[in-house]
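Colleague: The structure follows.
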Amino acid sequence: MKRIGVAIVAAGMMVLSACTAGGGTSTGVSAVDTASGASHTPVTINVWSFYSAREFDQYKSVLDDFHAKYPWITVTSTPAKSDQDFLRAVNTGTSPDIAISAGPDNVAKFCDSGAYKDLTPFVQQDGLDLASIIPPQALRYTSYKGNQCTLPVLSDAYGLYYNTDLFQQARLTAPPKTLSQLETYAKQLTTYNTDGSIKVAGYVPLGAFYESGALYNGVYSGSQWYDSSGKSAFATDPTWASLLQWQKDFIANVYGPDGYSKLQDFFSSLGGPNSEWSPAQGFESGQIAMALDGEWRTAFIRDDKSKVGYATAPFPVADANASAYGAGQIGGDVIGIPTNAPHPAEAWLLLKYLATDTGAEMKLAETLGNVPTTFAALKDPVLSNDPYFKPFLDIFANPKSAFKPLTVIGQTDSDLWGSFIDDWEAGKVPDLQKGLTNVASQIDQQFQLG
């Protein structure tokens, strides 16, 4: 599911509709009144989401279920939309009724700016106790300063995928738990072609390689994005420098002094970034021994009919953060109602259905291969009895699992940090501490710009 990537890959503007019940406009009555009674004025609501390709078609089946429950509400669904598209639509008065984002990066911006409605009045109107329905870690990344302007619909949990056949050949009997062990294992598992190019990569630590960038978001190293005053902590929290130095040493120790170039060539040989969402994905093809990835990879492995023998586990943590083993980065779909949505009452019915209905959550989770975000759906026996998927349920439940801090600058801090990591690993940052100070200053400036 890292569906940000999916949306980038397939940006075709295909529109699908649920079984229609006719057009119409909002009745203007409350969500409670709209939900009750046997006959209602037909209305069509539009959902924009980041979904595309296979996942878009799978999501549509749950929208069909909603239409069957509320036959007077027709749902049209538009794929491959980004957060920027949502904000642009709000500013131009062309908003959909519901917007579904691939992650929580911009939740604070949506809430603080008023781009999305605060859902609290709807929640109170329907008498919902969200704390008894949705786990606290998911409520945290869908609200900002008391404004619950989004709700979660499925989550991601990042963990380790490892090739059991390659582990057996290397006589490795258990997954690594620390970053030093990850390096040791990677060196044992890496093999080369006769021309010196990488045949099988033990692990690829590049920030822009598939999902490897999640390692540099702080959960695994125990690093803080911001200090108590709200200033960027990249230069003042020493664990960031330690993590990036580990990365640089890993590349040199595992792949040699020209390791960065070898890894770039290896990534190109796989097909580059687009290969992540195809059967050519390096772990699925057996060319990567260990990978940091989300729970959705289990569904891709199944649907792509990959023959890779594998297992899953929590991802290794920094040696100095060993007590956090078992935790991981989490955070997935967030769903909101734009402030100028044409049919907010009916939109709330759909939002509530996707975010709180046990059957809908279970069907989505099983179909898409994601972690459900209600207490009831987390007990789904199909998921909890799946040995590949169960570790991700445990990661999601770990109290130390988290998403990065939400801020009003949205994903800007992540973008600046990612660009810095790219420069660092490419050898363009001669002084690490000075570079960290510069990127921290850039992030702080973004807050001043507003």
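Please note that chains go A, B, ... in the order of the structure tokens, that every chain numbers its residues from 1, and that ligands are numbered from 1 in the order shown.
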Give me the residues near range 293-306 of chain A as a ChimeraX atom specification, where near means some atom within 6 Å (using only C-alpha atoms) and where sequence neighbours in that chain fewer than 5 positions away do not count.

Modeller: /A:1,157-159,211,279,284,369-370

Colleague: Run DSSP on the backbone and give me the residues of range 233-434 of chain A it puts in strand (DSSP E or B), as a list in words.

Modeller: Ile288, Met290, Ala291, Leu292, Asp293, Gly294, Tyr310, Ala311, Thr312, Ala313, Val317, Tyr325, Ala327, Gln329, Ile330, Val334, Ile335, Gly336, Pro338, Val371 and Ala402 of chain A

Colleague: With distances taken over only C-alpha atoms, which residue among A:Val153, A:Leu349, A:Ala186, A:Leu393 lies nearest Leu166 in chain A?

Modeller: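 Closest to Leu166 in chain A of all the choices is A:Ala186.
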
Colleague: Hey, which of A:Ala320, A:Val429, A:Ala208, A:Leu406 ends up closest to Pro273 in chain A? Count only C-alpha atoms.

Modeller: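 Result for the nearest residue to Pro273 in chain A: A:Ala208.
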
Colleague: For Pro152 in chain A, which of A:Gln124, A:Thr367, A:Gln442, A:Thr356 is the closest residue, counting only C-alpha atoms?

Modeller: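 Smallest separation from Pro152 in chain A among the options: A:Thr356.
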
Colleague: Identify, on the basis of only C-alpha atoms, every residue whose closest approach to range 102-117 of chain A does not exceed 9 Å; exclude the query and any residue fewer than 5 positions from it along the same chain; express the result as a PyMOL selection string.

Modeller: chain A and resi 1-4+7+49-51+82-83+86-87+90-91+141-145+147-150+152+155-156+331-334+336-341+403-412+414

Colleague: Please report, as a list in words, each residue of range 63-112 of chain A to which DSSP assigns alpha helix (DSSP H) when run on this structure's backbone.

Modeller: Leu63, Asp64, Asp65, Phe66, His67, Ala68, Lys69, Asp83, Gln84, Asp85, Phe86, Leu87, Arg88, Ala89, Val90, Asn91, Thr92, Val107, Ala108, Lys109, Phe110, Cys111 and Asp112 of chain A

Colleague: Store the residues picked out above in a file with N, CA and C atoms, as a compact mmCIF listing (two decimals), in the first residue's frame.

Modeller:
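Generated file (out.txt):
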```
# COMPACT_ATOMS: atom_id res chain seq x y z
N LEU A 63 -17.24 0.33 -1.87
CA LEU A 63 -18.16 1.42 -2.17
C LEU A 63 -19.48 0.87 -2.70
N ASP A 64 -19.43 -0.22 -3.45
CA ASP A 64 -20.65 -0.89 -3.89
C ASP A 64 -21.45 -1.41 -2.70
N ASP A 65 -20.74 -1.93 -1.69
CA ASP A 65 -21.42 -2.42 -0.48
C ASP A 65 -22.13 -1.26 0.22
N PHE A 66 -21.48 -0.11 0.26
CA PHE A 66 -22.11 1.06 0.88
C PHE A 66 -23.38 1.44 0.12
N HIS A 67 -23.30 1.41 -1.19
CA HIS A 67 -24.47 1.76 -2.01
C HIS A 67 -25.62 0.78 -1.76
N ALA A 68 -25.28 -0.49 -1.55
CA ALA A 68 -26.32 -1.47 -1.25
C ALA A 68 -27.00 -1.17 0.09
N LYS A 69 -26.24 -0.63 1.03
CA LYS A 69 -26.79 -0.30 2.34
C LYS A 69 -27.59 1.00 2.29
N ASP A 83 -2.69 14.96 -2.35
CA ASP A 83 -3.08 15.97 -1.37
C ASP A 83 -3.09 17.35 -1.99
N GLN A 84 -2.19 17.61 -2.91
CA GLN A 84 -2.15 18.90 -3.59
C GLN A 84 -3.43 19.11 -4.40
N ASP A 85 -3.93 18.04 -5.00
CA ASP A 85 -5.20 18.13 -5.73
C ASP A 85 -6.34 18.49 -4.79
N PHE A 86 -6.33 17.89 -3.59
CA PHE A 86 -7.39 18.18 -2.62
C PHE A 86 -7.38 19.65 -2.22
N LEU A 87 -6.20 20.16 -1.89
CA LEU A 87 -6.08 21.55 -1.46
C LEU A 87 -6.45 22.52 -2.59
N ARG A 88 -6.05 22.17 -3.79
CA ARG A 88 -6.37 23.02 -4.94
C ARG A 88 -7.88 23.06 -5.16
N ALA A 89 -8.55 21.92 -4.98
CA ALA A 89 -10.00 21.87 -5.16
C ALA A 89 -10.72 22.70 -4.11
N VAL A 90 -10.22 22.65 -2.87
CA VAL A 90 -10.82 23.46 -1.81
C VAL A 90 -10.69 24.94 -2.14
N ASN A 91 -9.53 25.34 -2.62
CA ASN A 91 -9.27 26.75 -2.91
C ASN A 91 -10.07 27.26 -4.11
N THR A 92 -10.42 26.35 -5.02
CA THR A 92 -11.14 26.76 -6.22
C THR A 92 -12.63 26.45 -6.15
N VAL A 107 -2.21 16.07 7.49
CA VAL A 107 -3.40 16.18 8.35
C VAL A 107 -3.40 17.50 9.11
N ALA A 108 -2.27 17.88 9.70
CA ALA A 108 -2.23 19.13 10.46
C ALA A 108 -2.56 20.33 9.58
N LYS A 109 -2.08 20.30 8.34
CA LYS A 109 -2.38 21.39 7.41
C LYS A 109 -3.87 21.41 7.09
N PHE A 110 -4.47 20.23 6.84
CA PHE A 110 -5.89 20.17 6.54
C PHE A 110 -6.73 20.70 7.71
N CYS A 111 -6.34 20.30 8.92
CA CYS A 111 -7.11 20.70 10.10
C CYS A 111 -6.92 22.17 10.42
N ASP A 112 -5.67 22.61 10.48
CA ASP A 112 -5.36 23.96 10.93
C ASP A 112 -5.86 25.03 9.96
```

Colleague: Find the spatial neighbours of range 131-133 of chain A, counting only C-alpha atoms, within a cut-off of 12 Å - ignore same-chain residues fewer than 4 positions away - and output them as JSON, numbers by chain.

Modeller: {"A": [123, 127, 137, 138, 139, 140, 151, 152, 352, 355, 356, 357, 358, 361, 372, 373, 374, 375, 376, 377, 378]}

Colleague: Could the residues in this selection be written to a file with N, CA and C atoms, as a PDB file, in the first residue's frame?

Modeller:
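Writing done, so here's part-v3.pdb:
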```pdb
ATOM      1  N   VAL A 123     -19.607  13.313  14.863  1.00  0.00           N
ATOM      2  CA  VAL A 123     -19.368  12.245  15.838  1.00  0.00           C
ATOM      3  C   VAL A 123     -20.320  12.382  17.020  1.00  0.00           C
ATOM      4  N   GLY A 127     -23.503  10.085  18.394  1.00  0.00           N
ATOM      5  CA  GLY A 127     -23.231   9.439  19.670  1.00  0.00           C
ATOM      6  C   GLY A 127     -22.098   8.431  19.613  1.00  0.00           C
ATOM      7  N   GLN A 137      -3.331   5.130  18.742  1.00  0.00           N
ATOM      8  CA  GLN A 137      -2.238   5.505  17.845  1.00  0.00           C
ATOM      9  C   GLN A 137      -2.765   5.987  16.493  1.00  0.00           C
ATOM     10  N   ALA A 138      -3.934   5.468  16.068  1.00  0.00           N
ATOM     11  CA  ALA A 138      -4.520   5.917  14.805  1.00  0.00           C
ATOM     12  C   ALA A 138      -5.257   7.239  14.968  1.00  0.00           C
ATOM     13  N   LEU A 139      -5.880   7.461  16.125  1.00  0.00           N
ATOM     14  CA  LEU A 139      -6.524   8.747  16.373  1.00  0.00           C
ATOM     15  C   LEU A 139      -5.498   9.866  16.458  1.00  0.00           C
ATOM     16  N   ARG A 140      -4.291   9.536  16.952  1.00  0.00           N
ATOM     17  CA  ARG A 140      -3.259  10.570  17.089  1.00  0.00           C
ATOM     18  C   ARG A 140      -2.842  11.134  15.739  1.00  0.00           C
ATOM     19  N   LEU A 151     -10.323  10.805   9.818  1.00  0.00           N
ATOM     20  CA  LEU A 151     -10.338   9.537  10.546  1.00  0.00           C
ATOM     21  C   LEU A 151      -9.512   8.532   9.751  1.00  0.00           C
ATOM     22  N   PRO A 152      -9.005   7.499  10.417  1.00  0.00           N
ATOM     23  CA  PRO A 152      -8.214   6.489   9.712  1.00  0.00           C
ATOM     24  C   PRO A 152      -9.094   5.448   9.032  1.00  0.00           C
ATOM     25  N   LYS A 352     -18.129   7.543   7.831  1.00  0.00           N
ATOM     26  CA  LYS A 352     -18.359   6.735   9.029  1.00  0.00           C
ATOM     27  C   LYS A 352     -18.358   5.244   8.689  1.00  0.00           C
ATOM     28  N   ALA A 355     -14.712   4.129   8.042  1.00  0.00           N
ATOM     29  CA  ALA A 355     -13.813   4.256   9.187  1.00  0.00           C
ATOM     30  C   ALA A 355     -14.238   3.440  10.403  1.00  0.00           C
ATOM     31  N   THR A 356     -15.524   3.099  10.511  1.00  0.00           N
ATOM     32  CA  THR A 356     -15.977   2.460  11.761  1.00  0.00           C
ATOM     33  C   THR A 356     -16.738   1.156  11.569  1.00  0.00           C
ATOM     34  N   ASP A 357     -17.180   0.852  10.364  1.00  0.00           N
ATOM     35  CA  ASP A 357     -17.939  -0.383  10.153  1.00  0.00           C
ATOM     36  C   ASP A 357     -16.992  -1.586  10.131  1.00  0.00           C
ATOM     37  N   THR A 358     -17.233  -2.545  11.010  1.00  0.00           N
ATOM     38  CA  THR A 358     -16.325  -3.693  11.131  1.00  0.00           C
ATOM     39  C   THR A 358     -16.235  -4.481   9.835  1.00  0.00           C
ATOM     40  N   GLU A 361     -14.216  -2.523   7.221  1.00  0.00           N
ATOM     41  CA  GLU A 361     -12.790  -2.515   7.574  1.00  0.00           C
ATOM     42  C   GLU A 361     -12.144  -3.863   7.286  1.00  0.00           C
ATOM     43  N   PRO A 372      -6.179  -3.128   9.703  1.00  0.00           N
ATOM     44  CA  PRO A 372      -7.416  -2.421  10.020  1.00  0.00           C
ATOM     45  C   PRO A 372      -7.225  -1.437  11.170  1.00  0.00           C
ATOM     46  N   THR A 373      -8.125  -0.467  11.255  1.00  0.00           N
ATOM     47  CA  THR A 373      -7.958   0.589  12.253  1.00  0.00           C
ATOM     48  C   THR A 373      -9.160   0.700  13.195  1.00  0.00           C
ATOM     49  N   THR A 374      -9.835  -0.408  13.443  1.00  0.00           N
ATOM     50  CA  THR A 374     -10.808  -0.460  14.531  1.00  0.00           C
ATOM     51  C   THR A 374     -10.449  -1.653  15.412  1.00  0.00           C
ATOM     52  N   PHE A 375     -10.776  -1.542  16.692  1.00  0.00           N
ATOM     53  CA  PHE A 375     -10.475  -2.635  17.617  1.00  0.00           C
ATOM     54  C   PHE A 375     -11.130  -3.931  17.152  1.00  0.00           C
ATOM     55  N   ALA A 376     -12.382  -3.841  16.696  1.00  0.00           N
ATOM     56  CA  ALA A 376     -13.107  -5.050  16.293  1.00  0.00           C
ATOM     57  C   ALA A 376     -12.472  -5.703  15.073  1.00  0.00           C
ATOM     58  N   ALA A 377     -12.123  -4.897  14.058  1.00  0.00           N
ATOM     59  CA  ALA A 377     -11.554  -5.450  12.833  1.00  0.00           C
ATOM     60  C   ALA A 377     -10.148  -6.001  13.045  1.00  0.00           C
ATOM     61  N   LEU A 378      -9.433  -5.497  14.043  1.00  0.00           N
ATOM     62  CA  LEU A 378      -8.092  -6.003  14.329  1.00  0.00           C
ATOM     63  C   LEU A 378      -8.120  -7.449  14.807  1.00  0.00           C
TER      64      LEU A 378
END
```

Colleague: CA of Ser401 in chain A and CA of Phe122 in chain A, how far apart in Å?

Modeller: 28.9 Å

Colleague: Between A:Ala347, A:Leu189, A:Ala402, A:Leu215, which has the minimum distance to Ile288 in chain A (counting only C-alpha atoms)?

Modeller: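 Using only C-alpha atoms, Ile288 in chain A sits closest to A:Leu189.
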
Colleague: Which is closest to Leu243 in chain A among A:Gln329, A:Ser228, A:Thr178, A:Ser221, if we use only C-alpha atoms?

Modeller: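 Checking each of A:Gln329, A:Ser228, A:Thr178, A:Ser221 against Leu243 in chain A, counting only C-alpha atoms, the winner is A:Ser221.
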
Colleague: So the first atom is CA of Tyr70 in chain A and the second is CA of Pro344 in chain A; what is the distance between them in Å, to one decimal place?

Modeller: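 Taking CA of Tyr70 in chain A and CA of Pro344 in chain A, their separation equals 15.2 Å.
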
Colleague: Have a look at A:Lys400, A:Lys363, A:Arg54, A:Lys428 and name the one nearest to Tyr220 in chain A; count only C-alpha atoms.

Modeller: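 Using only C-alpha atoms, Tyr220 in chain A sits closest to A:Lys400.
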
Colleague: Taking 6 positions as the minimum chain separation for residues in the same chain, which residues sit within 8 Å of Phe315 in chain A when counting only C-alpha atoms? Answer as a PyMOL selection string.

Modeller: chain A and resi 158-160+176-177+220+292+325-328

Colleague: Keeping C-alpha atoms, export the residues of the selection given above as a PDB file, in the first residue's frame.

Modeller:
```pdb
ATOM      1  CA  TYR A 158       6.553  -1.205   8.400  1.00  0.00           C
ATOM      2  CA  GLY A 159       8.578  -4.329   9.074  1.00  0.00           C
ATOM      3  CA  LEU A 160      11.280  -6.630   7.754  1.00  0.00           C
ATOM      4  CA  PRO A 176      18.367  -9.447  12.649  1.00  0.00           C
ATOM      5  CA  LYS A 177      17.184  -7.279  15.519  1.00  0.00           C
ATOM      6  CA  TYR A 220      13.943   2.854  14.630  1.00  0.00           C
ATOM      7  CA  LEU A 292      12.021  -2.692   4.807  1.00  0.00           C
ATOM      8  CA  TYR A 325      12.620  -3.680  18.868  1.00  0.00           C
ATOM      9  CA  GLY A 326       9.130  -4.720  17.856  1.00  0.00           C
ATOM     10  CA  ALA A 327       7.976  -1.195  17.084  1.00  0.00           C
ATOM     11  CA  GLY A 328       7.834   0.389  13.670  1.00  0.00           C
TER      12      GLY A 328
END
```

Colleague: Name the residues in contact with Ser441 in chain A at a cut-off of 12 Å, using only C-alpha atoms, excluding same-chain residues fewer than 4 positions from it; report them as a list in words.

Modeller: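 Those residues are Tyr226, Lys231, Ser232, Ala233, Phe234, Ala235, Thr236, Asp413, Leu416, Trp417, Lys434, Gly435, Leu436, Thr437, Gln445, Gln446, Phe447 and Gln448 of chain A.
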
Colleague: How would the residues just picked look written out with N, CA and C atoms as a compact mmCIF listing (two decimals), in the first residue's frame?

Modeller:
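What follows is the written file part18.txt:
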```txt
# COMPACT_ATOMS: atom_id res chain seq x y z
N TYR A 226 11.53 17.25 16.43
CA TYR A 226 11.46 18.61 16.97
C TYR A 226 11.77 18.59 18.46
N LYS A 231 11.48 23.64 17.59
CA LYS A 231 12.52 23.80 16.57
C LYS A 231 12.97 22.42 16.04
N SER A 232 13.40 22.41 14.80
CA SER A 232 13.90 21.17 14.22
C SER A 232 15.09 20.65 15.02
N ALA A 233 15.08 19.35 15.30
CA ALA A 233 16.12 18.74 16.14
C ALA A 233 17.14 17.93 15.34
N PHE A 234 17.18 18.08 14.04
CA PHE A 234 18.11 17.28 13.25
C PHE A 234 19.57 17.55 13.62
N ALA A 235 19.87 18.78 14.01
CA ALA A 235 21.25 19.11 14.34
C ALA A 235 21.55 18.94 15.82
N THR A 236 20.53 18.93 16.66
CA THR A 236 20.74 18.88 18.11
C THR A 236 20.53 17.51 18.72
N ASP A 413 8.67 19.17 5.68
CA ASP A 413 9.85 18.76 6.44
C ASP A 413 10.36 17.41 5.96
N LEU A 416 12.28 18.00 2.63
CA LEU A 416 13.60 18.58 2.84
C LEU A 416 14.56 17.55 3.41
N TRP A 417 14.08 16.76 4.35
CA TRP A 417 14.91 15.71 4.96
C TRP A 417 15.29 14.66 3.93
N LYS A 434 27.38 20.19 9.86
CA LYS A 434 27.00 21.45 9.22
C LYS A 434 25.79 21.25 8.32
N GLY A 435 25.75 20.12 7.63
CA GLY A 435 24.61 19.82 6.76
C GLY A 435 23.33 19.66 7.55
N LEU A 436 23.41 18.99 8.70
CA LEU A 436 22.23 18.82 9.54
C LEU A 436 21.74 20.17 10.08
N THR A 437 22.69 21.03 10.41
CA THR A 437 22.31 22.37 10.88
C THR A 437 21.59 23.13 9.78
N GLN A 445 12.63 27.69 8.89
CA GLN A 445 12.22 28.81 8.04
C GLN A 445 10.85 28.58 7.42
N GLN A 446 10.52 27.31 7.12
CA GLN A 446 9.22 27.00 6.54
C GLN A 446 8.08 27.38 7.50
N PHE A 447 8.31 27.20 8.79
CA PHE A 447 7.29 27.58 9.76
C PHE A 447 7.11 29.10 9.78
N GLN A 448 8.20 29.83 9.62
CA GLN A 448 8.11 31.28 9.61
C GLN A 448 7.37 31.80 8.37
```

Colleague: So that I can see what lies close to Gly272 in chain A, please list as number ranges by chain the residues with an atom at most 9 Å from it, counting only C-alpha atoms and leaving out residues fewer than 5 positions away in the same chain.

Modeller: A: 209-210, 264, 266-267
